[in-house]
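Q: Input file: run-v1.txt. Contents: compact mmCIF, C-alpha atoms.
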# COMPACT_ATOMS: atom_id res chain seq x y z
CA MET A 272 37.36 66.47 -51.06
CA ALA A 273 36.71 67.41 -47.46
CA SER A 274 34.87 70.63 -46.92
CA LEU A 275 36.35 73.53 -44.98
CA LYS A 276 34.07 72.80 -42.06
CA ASP A 277 35.19 69.15 -41.90
CA LEU A 278 38.83 70.20 -41.98
CA ARG A 279 38.30 72.72 -39.20
CA ALA A 280 36.71 70.00 -37.05
CA ARG A 281 39.57 67.58 -37.75
CA ILE A 282 42.19 70.17 -36.83
CA GLY A 283 40.31 70.93 -33.62
CA SER A 284 40.14 67.30 -32.60
CA VAL A 285 43.81 66.63 -33.34
CA LYS A 286 44.70 69.73 -31.33
CA SER A 287 42.86 68.46 -28.27
CA THR A 288 44.47 65.03 -28.66
CA LYS A 289 47.82 66.75 -28.71
CA LYS A 290 46.98 68.58 -25.52
CA ILE A 291 46.07 65.33 -23.80
CA THR A 292 49.18 63.46 -24.93
CA SER A 293 51.48 66.29 -23.96
CA ALA A 294 49.84 66.50 -20.52
CA MET A 295 50.24 62.74 -20.11
CA LYS A 296 53.87 63.08 -21.03
CA MET A 297 54.42 65.70 -18.31
CA VAL A 298 52.65 63.56 -15.74
CA ALA A 299 54.67 60.49 -16.72
CA ALA A 300 57.90 62.49 -16.46
CA ALA A 301 57.05 63.61 -12.92
CA LYS A 302 56.01 60.11 -11.91
CA LEU A 303 59.12 58.66 -13.49
CA ARG A 304 61.37 60.83 -11.36
CA ARG A 305 59.61 59.66 -8.21
CA ALA A 306 59.63 56.02 -9.28
CA GLN A 307 63.33 56.20 -10.03
CA THR A 308 64.12 57.73 -6.64
CA ARG A 309 62.17 54.99 -4.93
CA ALA A 310 63.89 52.26 -6.92
CA GLU A 311 67.25 53.72 -5.96
CA ALA A 312 66.26 54.05 -2.29
CA ALA A 313 65.37 50.36 -2.18
CA ARG A 314 68.72 49.25 -3.52
CA PRO A 315 70.84 49.28 -0.29
CA TYR A 316 68.50 46.83 1.44
CA ALA A 317 68.59 44.41 -1.48
CA ALA A 318 72.37 44.70 -1.70
CA ALA A 319 72.88 44.03 2.02
CA MET A 320 70.49 41.10 1.80
CA ARG A 321 72.41 39.60 -1.10
CA ARG A 322 75.63 39.92 0.86
CA MET A 323 74.16 38.11 3.85
CA LEU A 324 72.65 35.38 1.70
CA ALA A 325 75.92 34.82 -0.15
CA GLU A 326 77.66 34.49 3.22
CA LEU A 327 75.06 32.05 4.53
CA GLY A 328 74.65 30.17 1.29
CA ALA A 329 78.39 29.50 0.98
CA GLY A 330 78.33 27.55 4.23
CA THR A 331 75.41 25.36 3.26
CA ARG A 332 76.37 24.59 -0.31
CA GLY A 333 75.96 20.96 -1.31
CA GLN A 334 74.12 20.00 1.86
CA SER A 335 70.93 18.02 1.64
CA GLY A 336 67.61 18.97 3.19
CA LEU A 337 67.95 22.64 2.31
CA PRO A 338 64.81 24.83 2.33
CA THR A 339 62.70 24.66 -0.82
CA LEU A 340 63.11 28.38 -1.42
CA LEU A 341 66.88 27.98 -1.73
CA ALA A 342 67.32 24.65 -3.45
CA GLY A 343 63.95 24.11 -5.12
CA THR A 344 62.23 20.74 -5.13
CA GLY A 345 65.00 19.07 -7.05
CA ASN A 346 62.74 18.69 -10.08
CA ASP A 347 62.36 20.77 -13.21
CA ARG A 348 58.87 19.80 -14.26
CA ILE A 349 56.40 22.53 -13.31
CA HIS A 350 57.30 26.12 -14.09
CA LEU A 351 55.56 29.10 -12.53
CA LEU A 352 55.86 32.28 -14.58
CA ILE A 353 55.14 35.70 -13.10
CA PRO A 354 54.84 38.34 -15.83
CA LEU A 355 54.82 41.90 -14.44
CA THR A 356 52.76 44.36 -16.48
CA SER A 357 51.01 47.62 -15.75
CA ASP A 358 47.32 48.13 -15.03
CA ARG A 359 47.00 50.90 -17.59
CA GLY A 360 47.86 51.10 -21.24
CA LEU A 361 49.07 53.95 -23.42
CA ALA A 362 52.66 53.09 -22.66
CA GLY A 363 53.91 52.07 -26.08
CA GLY A 364 55.23 48.54 -26.31
CA PHE A 365 55.73 48.21 -22.57
CA ASN A 366 53.08 45.57 -21.93
CA ALA A 367 53.13 44.02 -25.39
CA ASN A 368 56.82 43.21 -25.00
CA ILE A 369 56.23 41.37 -21.73
CA ASN A 370 53.25 39.53 -23.19
CA ARG A 371 55.23 38.45 -26.22
CA LYS A 372 58.17 37.33 -24.09
CA THR A 373 55.85 35.36 -21.81
CA ARG A 374 54.12 33.74 -24.77
CA ASP A 375 57.44 32.67 -26.28
CA LEU A 376 58.58 31.29 -22.94
CA ILE A 377 55.35 29.32 -22.48
CA ARG A 378 55.62 27.83 -25.99
CA GLN A 379 59.27 26.94 -25.43
CA LEU A 380 58.65 25.27 -22.06
CA GLN A 381 55.64 23.41 -23.39
CA ALA A 382 57.68 22.18 -26.35
CA GLU A 383 60.15 20.76 -23.82
CA GLY A 384 57.28 18.88 -22.21
CA LYS A 385 57.11 21.00 -19.05
CA THR A 386 53.96 22.09 -17.27
CA VAL A 387 53.49 25.86 -17.14
CA ARG A 388 51.50 27.84 -14.60
CA LEU A 389 50.95 31.56 -14.70
CA LEU A 390 50.52 34.20 -12.03
CA PRO A 391 50.22 37.48 -13.92
CA VAL A 392 50.70 40.72 -12.01
CA GLY A 393 48.99 43.75 -13.55
CA ARG A 394 45.76 43.99 -15.51
CA LYS A 395 47.22 44.21 -19.00
CA GLY A 396 49.14 40.96 -18.73
CA HIS A 397 46.25 39.20 -17.07
CA ASP A 398 43.79 40.24 -19.81
CA TYR A 399 46.11 39.02 -22.54
CA LEU A 400 46.98 35.72 -20.88
CA MET A 401 43.34 35.00 -20.07
CA ARG A 402 42.60 35.24 -23.79
CA GLU A 403 45.46 33.01 -24.91
CA PHE A 404 46.25 30.67 -22.03
CA SER A 405 43.28 30.90 -19.67
CA ASP A 406 43.71 27.27 -18.52
CA LEU A 407 47.27 27.97 -17.26
CA VAL A 408 46.48 31.02 -15.12
CA VAL A 409 46.35 29.98 -11.47
CA ASP A 410 45.96 33.38 -9.88
CA HIS A 411 46.46 37.07 -10.54
CA VAL A 412 47.29 40.31 -8.75
CA HIS A 413 46.13 43.77 -9.79
CA GLY A 414 46.86 47.25 -8.59
CA SER A 415 50.63 47.07 -8.40
CA GLY A 416 51.06 49.82 -10.94
CA GLY A 417 49.32 52.42 -8.82
CA LYS A 418 50.71 55.60 -7.40
CA GLU A 419 53.01 54.05 -4.87
CA ILE A 420 54.03 50.49 -4.39
CA PRO A 421 54.10 49.72 -0.69
CA PHE A 422 56.47 47.02 0.44
CA SER A 423 53.45 45.16 1.80
CA ALA A 424 52.26 44.49 -1.77
CA ALA A 425 55.51 42.68 -2.54
CA ALA A 426 55.41 40.97 0.87
CA GLU A 427 51.94 39.60 0.20
CA LEU A 428 52.91 38.33 -3.24
CA GLY A 429 56.10 36.80 -1.80
CA GLU A 430 54.15 35.01 0.92
CA ARG A 431 51.75 33.60 -1.62
CA ILE A 432 54.59 32.29 -3.78
CA ALA A 433 56.44 30.89 -0.76
CA ALA A 434 53.29 29.06 0.34
CA MET A 435 52.88 27.58 -3.15
CA ALA A 436 56.53 26.50 -3.11
CA GLU A 437 56.12 24.77 0.26
CA LYS A 438 53.12 22.88 -1.06
CA GLY A 439 55.16 21.78 -4.06
CA GLU A 440 52.84 23.40 -6.58
CA PHE A 441 55.79 24.27 -8.81
CA ASP A 442 59.48 23.44 -9.20
CA VAL A 443 60.88 26.56 -10.80
CA CYS A 444 59.64 30.12 -10.42
CA THR A 445 60.59 32.85 -12.88
CA VAL A 446 59.62 36.52 -13.06
CA VAL A 447 59.29 38.22 -16.44
CA TYR A 448 59.61 41.98 -16.09
CA ASN A 449 60.82 45.10 -17.85
CA ARG A 450 64.28 46.00 -16.65
CA PHE A 451 64.68 49.75 -16.56
CA GLN A 452 67.73 50.70 -18.61
CA ASN A 453 66.95 54.32 -19.32
CA VAL A 454 63.94 56.42 -20.17
CA MET A 455 64.00 55.31 -23.78
CA SER A 456 64.53 51.58 -23.36
CA GLN A 457 63.20 48.88 -21.09
CA THR A 458 64.40 45.35 -21.69
CA PRO A 459 62.03 42.44 -21.07
CA THR A 460 64.03 40.23 -18.74
CA GLU A 461 63.45 36.91 -17.04
CA MET A 462 64.78 36.29 -13.55
CA GLN A 463 64.66 32.98 -11.73
CA LEU A 464 63.54 33.32 -8.12
CA ILE A 465 63.28 29.69 -7.04
CA PRO A 466 65.61 27.82 -6.81
CA LEU A 467 67.71 30.76 -5.81
CA ALA A 468 70.71 31.50 -8.00
CA LEU A 469 73.46 32.61 -5.64
CA PRO A 470 76.42 34.48 -7.09
CA ALA A 471 78.92 31.88 -8.20
CA ASN A 472 82.11 33.62 -7.14
CA ASP A 473 81.30 33.91 -3.45
CA ALA A 474 82.99 30.61 -2.58
CA ALA A 475 86.35 32.09 -3.44
CA ALA A 476 85.53 35.38 -1.74
CA SER A 477 84.41 33.81 1.49
CA ALA A 478 87.60 31.76 1.83
CA ASP A 479 89.49 34.79 3.08
CA ALA A 480 86.41 36.56 4.51
CA PRO A 481 86.04 36.49 8.30
CA VAL A 482 84.14 33.58 9.76
CA TYR A 483 80.71 34.66 10.96
CA GLU A 484 78.94 33.74 14.14
CA PHE A 485 75.24 33.14 13.77
CA GLU A 486 72.55 33.79 16.28
CA PRO A 487 70.31 31.81 16.47
CA GLY A 488 71.58 28.96 14.28
CA GLU A 489 72.46 29.13 10.62
CA GLU A 490 69.32 27.26 9.61
CA GLU A 491 66.94 29.52 11.53
CA LEU A 492 68.57 32.55 10.00
CA LEU A 493 68.38 31.04 6.54
CA SER A 494 64.75 30.06 6.97
CA SER A 495 63.72 33.61 7.84
CA LEU A 496 66.12 35.28 5.42
CA LEU A 497 64.91 33.31 2.38
CA PRO A 498 61.23 34.36 2.36
CA ARG A 499 62.36 37.90 3.07
CA ASN A 500 64.75 37.77 0.14
CA LEU A 501 61.96 36.57 -2.12
CA GLN A 502 59.86 39.58 -1.10
CA VAL A 503 62.75 41.98 -1.56
CA GLN A 504 63.54 40.63 -5.01
CA LEU A 505 59.88 40.97 -6.01
CA TYR A 506 59.78 44.47 -4.58
CA ALA A 507 62.85 45.44 -6.59
CA THR A 508 61.33 44.09 -9.81
CA LEU A 509 58.00 45.80 -9.10
CA LEU A 510 59.74 49.14 -8.58
CA GLU A 511 61.85 48.64 -11.66
CA SER A 512 58.77 47.76 -13.70
CA ALA A 513 56.93 50.83 -12.36
CA ALA A 514 59.81 53.10 -13.35
CA GLY A 515 59.91 51.40 -16.74
CA GLU A 516 56.17 51.92 -17.22
CA GLN A 517 56.48 55.65 -16.67
CA GLY A 518 59.53 55.81 -18.92
CA ALA A 519 57.73 53.93 -21.68
CA ARG A 520 54.64 56.09 -21.31
CA MET A 521 56.72 59.25 -21.45
CA THR A 522 58.43 58.15 -24.66
CA ALA A 523 55.18 56.98 -26.23
CA MET A 524 53.40 60.22 -25.37
CA ASP A 525 56.32 62.27 -26.62
CA ASN A 526 56.06 60.51 -29.97
CA ALA A 527 52.30 60.91 -30.03
CA THR A 528 52.60 64.64 -29.33
CA ARG A 529 55.11 65.03 -32.12
CA ASN A 530 52.92 63.07 -34.55
CA ALA A 531 49.91 65.16 -33.61
CA GLY A 532 51.91 68.30 -34.32
CA LYS A 533 52.83 66.99 -37.76
CA ALA A 534 49.23 66.02 -38.48
CA ILE A 535 48.08 69.53 -37.51
CA ASP A 536 50.64 71.07 -39.89
CA ARG A 537 49.47 68.82 -42.71
CA LEU A 538 45.81 69.48 -42.09
CA THR A 539 46.37 73.23 -41.82
CA LEU A 540 48.14 73.19 -45.18
CA THR A 541 45.26 71.31 -46.79
CA TYR A 542 42.81 73.67 -45.13
CA ASN A 543 44.56 76.76 -46.50
CA ARG A 544 44.89 75.24 -49.97
CA THR A 545 41.21 74.36 -50.01
CA ARG A 546 40.25 77.82 -48.85
CA GLN A 547 42.42 79.40 -51.59
CA THR A 548 40.95 77.10 -54.24
CA ASN A 549 37.45 78.09 -53.18
CA ILE A 550 38.29 81.79 -53.41
CA THR A 551 39.91 81.34 -56.83
CA ASN A 552 36.88 79.40 -58.07
CA GLU A 553 34.52 82.13 -56.89
CA LEU A 554 36.64 84.80 -58.59
CA ILE A 555 36.65 82.86 -61.86
CA GLU A 556 32.89 82.54 -61.66
CA ILE A 557 32.41 86.25 -61.03
CA ILE A 558 34.81 87.29 -63.79
CA SER A 559 33.41 84.92 -66.38
CA GLY A 560 29.92 86.03 -65.32
CA ALA A 561 30.90 89.68 -65.91
CA GLN A 562 32.51 88.90 -69.29
CA ALA A 563 29.36 87.14 -70.48
CA LEU A 564 27.28 90.31 -70.02
CA MET B 297 87.37 54.47 16.72
CA PRO B 298 83.79 54.65 15.50
CA ILE B 299 81.71 52.01 13.79
CA GLU B 300 79.68 52.60 10.60
CA VAL B 301 76.03 51.93 11.42
CA GLU B 302 73.35 51.65 8.75
CA ILE B 303 69.69 51.13 9.45
CA VAL B 304 67.92 50.06 6.27
CA SER B 305 64.27 49.28 5.67
CA PRO B 306 63.07 47.79 2.37
CA GLU B 307 61.93 51.25 1.25
CA LYS B 308 64.93 53.36 2.20
CA VAL B 309 68.04 54.00 4.27
CA LEU B 310 66.97 55.55 7.57
CA PHE B 311 70.28 56.13 9.23
CA SER B 312 73.86 55.94 8.07
CA ARG B 313 76.60 57.38 10.25
CA ALA B 314 79.64 56.43 12.28
CA VAL B 315 78.80 56.08 15.97
CA GLU B 316 80.60 54.81 19.03
CA MET B 317 78.29 51.93 19.81
CA ALA B 318 74.91 50.54 18.72
CA VAL B 319 72.75 48.39 20.98
CA ILE B 320 70.64 46.03 18.92
CA PRO B 321 67.65 43.97 20.07
CA GLY B 322 68.68 40.44 19.08
CA LEU B 323 66.23 37.56 19.21
CA GLU B 324 68.12 36.03 22.12
CA GLY B 325 69.01 39.25 23.90
CA ASP B 326 70.44 42.69 23.28
CA ILE B 327 73.81 42.91 21.59
CA ALA B 328 76.13 45.88 21.32
CA ALA B 329 77.91 46.50 18.04
CA MET B 330 81.29 48.05 18.67
CA PRO B 331 84.47 48.37 16.62
CA ASP B 332 86.61 45.24 16.27
CA ARG B 333 83.74 42.96 17.11
CA ALA B 334 83.82 39.40 15.81
CA PRO B 335 81.67 39.17 12.64
CA MET B 336 78.17 38.08 13.43
CA MET B 337 74.73 37.75 11.89
CA LEU B 338 71.66 37.76 14.02
CA LEU B 339 67.90 37.77 13.88
CA LEU B 340 66.18 40.71 15.52
CA ARG B 341 63.09 40.86 17.64
CA GLY B 342 60.84 43.91 17.73
CA GLY B 343 62.64 46.47 19.87
CA VAL B 344 64.64 49.65 20.01
CA VAL B 345 68.06 50.23 18.47
CA GLU B 346 70.06 52.69 20.56
CA LEU B 347 72.99 54.59 19.12
CA TYR B 348 75.64 55.87 21.51
CA GLU B 349 78.09 58.69 21.08
CA ASN B 350 80.45 59.74 23.87
CA GLY B 351 78.62 57.48 26.26
CA VAL B 352 75.14 58.94 25.74
CA VAL B 353 72.27 57.80 23.56
CA THR B 354 71.93 60.14 20.58
CA ASP B 355 69.32 58.37 18.47
CA ARG B 356 66.72 55.69 19.00
CA PHE B 357 64.92 53.73 16.29
CA PHE B 358 62.20 51.18 16.68
CA VAL B 359 62.65 48.10 14.48
CA ALA B 360 59.94 45.51 14.00
CA GLY B 361 62.14 42.47 13.49
CA GLY B 362 64.71 41.88 10.79
CA PHE B 363 68.39 40.98 10.55
CA ALA B 364 71.71 42.49 11.50
CA ASP B 365 75.07 41.92 9.89
CA MET B 366 78.02 43.01 12.04
CA THR B 367 81.69 43.08 11.17
CA ALA B 368 84.71 44.71 12.76
CA THR B 369 84.09 48.05 11.06
CA ARG B 370 80.44 48.18 10.13
CA CYS B 371 77.00 47.14 11.28
CA THR B 372 74.09 46.84 8.87
CA ILE B 373 70.62 46.53 10.32
CA LEU B 374 68.04 45.21 7.88
CA ALA B 375 64.77 46.08 9.53
CA ASP B 376 61.38 44.78 8.37
CA GLN B 377 60.09 48.18 9.42
CA ALA B 378 62.01 50.97 11.08
CA THR B 379 60.71 54.19 12.63
CA ALA B 380 62.36 56.97 14.57
CA LEU B 381 61.11 56.73 18.13
CA ALA B 382 59.51 60.17 17.99
CA ASP B 383 57.27 59.12 15.08
CA LEU B 384 55.74 56.11 16.83
CA SER B 385 52.05 56.18 17.69
CA VAL B 386 50.69 54.27 20.68
CA ALA B 387 47.17 54.15 19.26
CA ASP B 388 48.30 52.60 15.96
CA ALA B 389 50.36 49.94 17.67
CA GLN B 390 47.56 49.15 20.11
CA ALA B 391 45.09 48.73 17.26
CA ARG B 392 47.54 46.42 15.52
CA LEU B 393 48.06 44.42 18.72
CA ALA B 394 44.32 44.03 19.20
CA GLY B 395 43.99 42.76 15.63
CA LEU B 396 46.83 40.30 16.13
CA GLU B 397 45.40 39.03 19.39
CA ALA B 398 42.07 38.43 17.68
CA SER B 399 43.70 36.46 14.86
CA TYR B 400 45.78 34.55 17.43
CA ASP B 401 42.63 33.50 19.25
CA ALA B 402 41.02 32.51 15.97
CA ALA B 403 44.08 30.67 14.65
CA ASP B 404 44.37 26.92 14.46
CA LYS B 405 46.14 25.92 17.68
CA MET B 406 47.82 22.93 15.98
CA ASN B 407 49.57 25.04 13.37
CA VAL B 408 52.73 25.77 15.40
CA PRO B 409 54.77 27.74 12.81
CA ALA B 410 51.85 30.11 12.15
CA LEU B 411 51.31 30.57 15.89
CA ASP B 412 55.01 31.31 16.39
CA LEU B 413 54.84 33.93 13.67
CA LEU B 414 51.80 35.58 15.27
CA MET B 415 53.51 35.48 18.68
CA ALA B 416 56.56 37.21 17.24
CA LYS B 417 54.35 39.88 15.65
CA MET B 418 52.48 40.40 18.92
CA GLN B 419 55.74 40.71 20.82
CA SER B 420 56.90 43.28 18.29
CA ALA B 421 53.65 45.26 18.63
CA ARG B 422 53.97 45.23 22.45
CA ALA B 423 57.56 46.41 22.21
CA GLU B 424 56.38 49.20 19.91
CA ILE B 425 53.71 50.32 22.41
CA GLU B 426 56.29 50.31 25.17
CA ALA B 427 58.80 52.20 23.06
CA ALA B 428 56.16 54.78 22.19
CA GLY B 429 55.57 55.35 25.89
CA GLY B 430 52.25 53.53 26.27
CA GLU B 431 51.29 50.71 28.62
CA ALA B 432 51.40 47.26 27.06
CA VAL B 433 48.11 45.96 28.36
CA LYS B 434 47.08 42.33 28.55
CA ALA B 435 50.40 40.47 28.69
CA ALA B 436 50.40 37.05 27.08
Rewrite the structure from the file as structure tokens, please.
A:
Amino acid sequence: MASLKDLRARIGSVKSTKKITSAMKMVAAAKLRRAQTRAEAARPYAAAMRRMLAELGAGTRGQSGLPTLLAGTGNDRIHLLIPLTSDRGLAGGFNANINRKTRDLIRQLQAEGKTVRLLPVGRKGHDYLMREFSDLVVDHVHGSGGKEIPFSAAAELGERIAAMAEKGEFDVCTVVYNRFQNVMSQTPTEMQLIPLALPANDAAASADAPVYEFEPGEEELLSSLLPRNLQVQLYATLLESAAGEQGARMTAMDNATRNAGKAIDRLTLTYNRTRQTNITNELIEIISGAQAL
Amino acid sequence: MPIEVEIVSPEKVLFSRAVEMAVIPGLEGDIAAMPDRAPMMLLLRGGVVELYENGVVTDRFFVAGGFADMTATRCTILADQATALADLSVADAQARLAGLEASYDAADKMNVPALDLLMAKMQSARAEIEAAGGEAVKAA
């Protein structure tokens, strides 16, 4: 049985752990609020962009010689997966869920005879994938889970992917990220970026929509709108993932704080019991000593 | 009858109000967005968006390229970067221009799309210097 001194040390250490986890929870809550505001602020741009693309895409549907970013290469052989994870841990199952989803996707695609390439974003995903599938990783990006995600980070990533697409290094590009549902739950989701999936119902909608003029031509507009859209989509997923990370961390730390509290209660009970036992033992010794005289 | 004008950058909505007229720097020339205009989409060059109310300019924003989507009742400006004119800094833009000019000189002169892109960026930086009230030195 643990001595009183050991128990006191254990209680002390659990108490300081509890302080740390509860501080981390507060920090995550503050960061979450900011991340959520930013994700919401970025929505109008993405929505307007979708509207313009739907308008433009409706006119070009079924044509040949469309840009690679819109129509893909026409093949379905090489898949590029982009799992978005955080750089830091202690966020519950946040990163593990993405890693598991990515692993399942890789196995599934490989079973279908497809070639898989990986471009992990975030340190946690990169570390995991380097252990399991190091030969598939073509590149990686760190530092997206920092304080603030500037649009330039998404722009850079988008440009890199667009350049790879132009060179024909992959046929299909899919992002795996945590969709922010609420603070408690983030759903690992896959979203196909290339070829672009335009909303299906816009053909009917644009029939009675006004006919647009384009300046310069439709193709020029499309060719500058598409890379931009790629960046915006990536930006939206990065923001969503950042909000999800803070949400997951907040929940995880809340649980940890509660568990630490329970552990302290348990240890304190044991400590008091032990102390009482010791006192009782001493009393018995004294009394039986006195009786023996 | 006013027109709903929205200026949106990837990070946030900068301006959203009904105004009388908005003058937008299109790639092929300035275009005014007014009510009952024929729907139009256009590419923007780096320049200043001017918003008019009662015949006078009330707000000016610098946009560094982007797109605009105009209909009869609304005008959405999707700017790559948008700044209120008062917040522009000549020194920043000049530093950026110098950097761009250096990379233009170093760039492969056969790679036409890349050169076009750099040219557009340089034009945007010069427009920004001008909008901020500085002198755009060393014209191309």
Q: Sorted by chain and rising residue number, list the residues of chain B at most 12 Å from chain A (counting all atoms listed in the file), each with its closest atom pair and distance in Å to one decimal, as a Markdown table.
A:
| residue | atom | partner | partner_atom | distance |
| --- | --- | --- | --- | --- |
| B:Glu302 | CA | A:Pro315 | CA | 9.7 |
| B:Ile303 | CA | A:Tyr316 | CA | 9.2 |
| B:Val304 | CA | A:Tyr316 | CA | 5.8 |
| B:Ser305 | CA | A:Tyr316 | CA | 6.5 |
| B:Pro306 | CA | A:Tyr316 | CA | 5.6 |
| B:Glu307 | CA | A:Ala313 | CA | 4.9 |
| B:Lys308 | CA | A:Ala312 | CA | 4.7 |
| B:Val309 | CA | A:Ala312 | CA | 6.8 |
| B:Leu310 | CA | A:Ala312 | CA | 10.0 |
| B:Phe311 | CA | A:Pro315 | CA | 11.7 |
| B:Ser312 | CA | A:Pro315 | CA | 11.1 |
| B:Pro321 | CA | A:Glu486 | CA | 11.9 |
| B:Gly322 | CA | A:Glu486 | CA | 8.2 |
| B:Leu323 | CA | A:Pro487 | CA | 7.6 |
| B:Glu324 | CA | A:Pro487 | CA | 7.4 |
| B:Gly325 | CA | A:Glu486 | CA | 10.0 |
| B:Asp326 | CA | A:Glu486 | CA | 11.5 |
| B:Ile327 | CA | A:Glu486 | CA | 10.6 |
| B:Asp332 | CA | A:Pro481 | CA | 11.8 |
| B:Arg333 | CA | A:Tyr483 | CA | 10.8 |
| B:Ala334 | CA | A:Tyr483 | CA | 7.5 |
| B:Pro335 | CA | A:Tyr483 | CA | 4.9 |
| B:Met336 | CA | A:Glu484 | CA | 4.5 |
| B:Met337 | CA | A:Phe485 | CA | 5.0 |
| B:Leu338 | CA | A:Glu486 | CA | 4.7 |
| B:Leu339 | CA | A:Leu492 | CA | 6.5 |
| B:Leu340 | CA | A:Glu486 | CA | 9.4 |
| B:Arg341 | CA | A:Pro487 | CA | 11.6 |
| B:Gly361 | CA | A:Ser495 | CA | 10.6 |
| B:Gly362 | CA | A:Leu496 | CA | 8.6 |
| B:Phe363 | CA | A:Leu496 | CA | 8.0 |
| B:Ala364 | CA | A:Met323 | CA | 9.1 |
| B:Asp365 | CA | A:Met323 | CA | 7.2 |
| B:Met366 | CA | A:Tyr483 | CA | 8.8 |
| B:Thr367 | CA | A:Pro481 | CA | 8.4 |
| B:Ala368 | CA | A:Pro481 | CA | 9.4 |
| B:Arg370 | CA | A:Ala319 | CA | 11.8 |
| B:Cys371 | CA | A:Ala319 | CA | 10.6 |
| B:Thr372 | CA | A:Ala319 | CA | 7.5 |
| B:Ile373 | CA | A:Ala319 | CA | 9.0 |
| B:Leu374 | CA | A:Tyr316 | CA | 6.7 |
| B:Ala375 | CA | A:Tyr316 | CA | 8.9 |
| B:Asp376 | CA | A:Arg499 | CA | 8.7 |
| B:Gln377 | CA | A:Phe422 | CA | 9.8 |
| B:Pro409 | CA | A:Ser494 | CA | 11.8 |
| B:Ala410 | CA | A:Ala434 | CA | 11.9 |
| B:Leu413 | CA | A:Ser495 | CA | 10.6 |
Q: Please measure the separation of atom CA of Ile353 of chain A and atom CA of Val392 of chain A, giving the value in Å to one decimal.
A: 6.8 Å
Q: Using only C-alpha atoms, which of the listed residues (B:Arg392, B:Asp383, B:Val301, B:Ala360) sits closest to Leu347 of chain B?
A: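 Of all the options, B:Val301 lies closest to Leu347 of chain B.
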Q: Could you jot down the atom CA of Phe365 of chain A to atom CA of Thr288 of chain A separation for me, Å, one decimal place?
A: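 These two atoms are separated by 21.1 Å.
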Q: Report, in Å with one decimal, the straight-line distance from atom CA of Arg279 of chain A to atom CA of Asn543 of chain A.
A: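 Rounded to one decimal, the two atoms are 10.4 Å apart.
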Q: Excluding same-chain residues fewer than 4 positions from Thr354 of chain B, what lies within 12 Å of it counting only C-alpha atoms, as a PyMOL selection string?
A: chain B and resi 313-319+345-350+380-381
Q: Segment 508-514 of chain A: which residues within 7 Å, counting only C-alpha atoms, same-chain residues fewer than 5 positions away excluded, as a PDB file with C-alpha atoms, keeping the file's coordinate frame?
A:
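Result file is around02.pdb:
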ATOM      1  CA  LEU A 303      59.120  58.660 -13.490  1.00  0.00           C
ATOM      2  CA  ALA A 306      59.630  56.020  -9.280  1.00  0.00           C
ATOM      3  CA  GLN A 307      63.330  56.200 -10.030  1.00  0.00           C
ATOM      4  CA  ALA A 310      63.890  52.260  -6.920  1.00  0.00           C
ATOM      5  CA  GLY A 416      51.060  49.820 -10.940  1.00  0.00           C
ATOM      6  CA  TYR A 448      59.610  41.980 -16.090  1.00  0.00           C
ATOM      7  CA  ASN A 449      60.820  45.100 -17.850  1.00  0.00           C
ATOM      8  CA  ARG A 450      64.280  46.000 -16.650  1.00  0.00           C
ATOM      9  CA  PHE A 451      64.680  49.750 -16.560  1.00  0.00           C
TER      10      PHE A 451
END
Q: Could you check which of A:Leu540, A:Leu278, A:Val446, A:Ala294 is closest to Leu501 of chain A, using all atoms listed in the file?
A: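 Distance minimum relative to Leu501 of chain A lands on A:Val446.
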Q: Can you list, as a JSON list (two decimals) with C-alpha atoms, in the coordinates of the input, every protein, DNA or RNA residue that comes within 9 Å of Pro466 of chain A when you count only C-alpha atoms, leaving out same-chain residues fewer than 2 positions away?
A:
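Output contents, as saved in around-v2.json:
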[["chain", "number", "residue", "atom", "x", "y", "z"],
["A", 339, "THR", "CA", 62.70, 24.66, -0.82],
["A", 340, "LEU", "CA", 63.11, 28.38, -1.42],
["A", 341, "LEU", "CA", 66.88, 27.98, -1.73],
["A", 342, "ALA", "CA", 67.32, 24.65, -3.45],
["A", 343, "GLY", "CA", 63.95, 24.11, -5.12],
["A", 344, "THR", "CA", 62.23, 20.74, -5.13],
["A", 345, "GLY", "CA", 65.00, 19.07, -7.05],
["A", 442, "ASP", "CA", 59.48, 23.44, -9.20],
["A", 443, "VAL", "CA", 60.88, 26.56, -10.80],
["A", 444, "CYS", "CA", 59.64, 30.12, -10.42],
["A", 463, "GLN", "CA", 64.66, 32.98, -11.73],
["A", 464, "LEU", "CA", 63.54, 33.32, -8.12],
["A", 468, "ALA", "CA", 70.71, 31.50, -8.00]]
Q: Could you please give me, as a ChimeraX atom specification, the residues of protein, DNA or RNA lying at most 7 Å from (50.9, 31.2, -26.8) in the coordinate frame of the file, considering all atoms listed in the file?
A: /A:374-375,377-378,403-404
Q: Place a sphere of radius 12 Å on (56.8, 53.2, 23.3) in the file coordinates and name every protein, DNA or RNA residue with an atom inside or on its surface, counting only C-alpha atoms; give the answer as a ChimeraX atom specification.
A: /B:342-344,356-359,379-390,420-432
Q: Enclose all atoms of segment 503-522 of chain A listed in the file in an axis-aligned box, grow every side by 3 Å, and hand back centre and edge lengths in Å to one decimal, as lines of an AutoDock Vina configuration file.
A:
center_x = 59.1
center_y = 49.9
center_z = -13.1
size_x = 14.9
size_y = 24.6
size_z = 29.1
Q: Considering only C-alpha atoms, state which residue in the set A:Ala519, A:Met524, A:Ala301, A:Leu352 is at the smallest distance from Thr458 of chain A.
A: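 Smallest distance to Thr458 of chain A is found for A:Ala519.
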Q: I'd like the neighbourhood of Leu411 of chain B as a list in words, where a residue qualifies if any of its atoms comes within 12 Å (using only C-alpha atoms), though same-chain residues fewer than 3 positions away should be ignored.
A: Leu396, Glu397, Ser399, Tyr400, Asp401, Ala402, Ala403, Asp404, Lys405, Met406, Asn407, Val408, Leu414, Met415, Ala416, Lys417 and Met418 of chain B
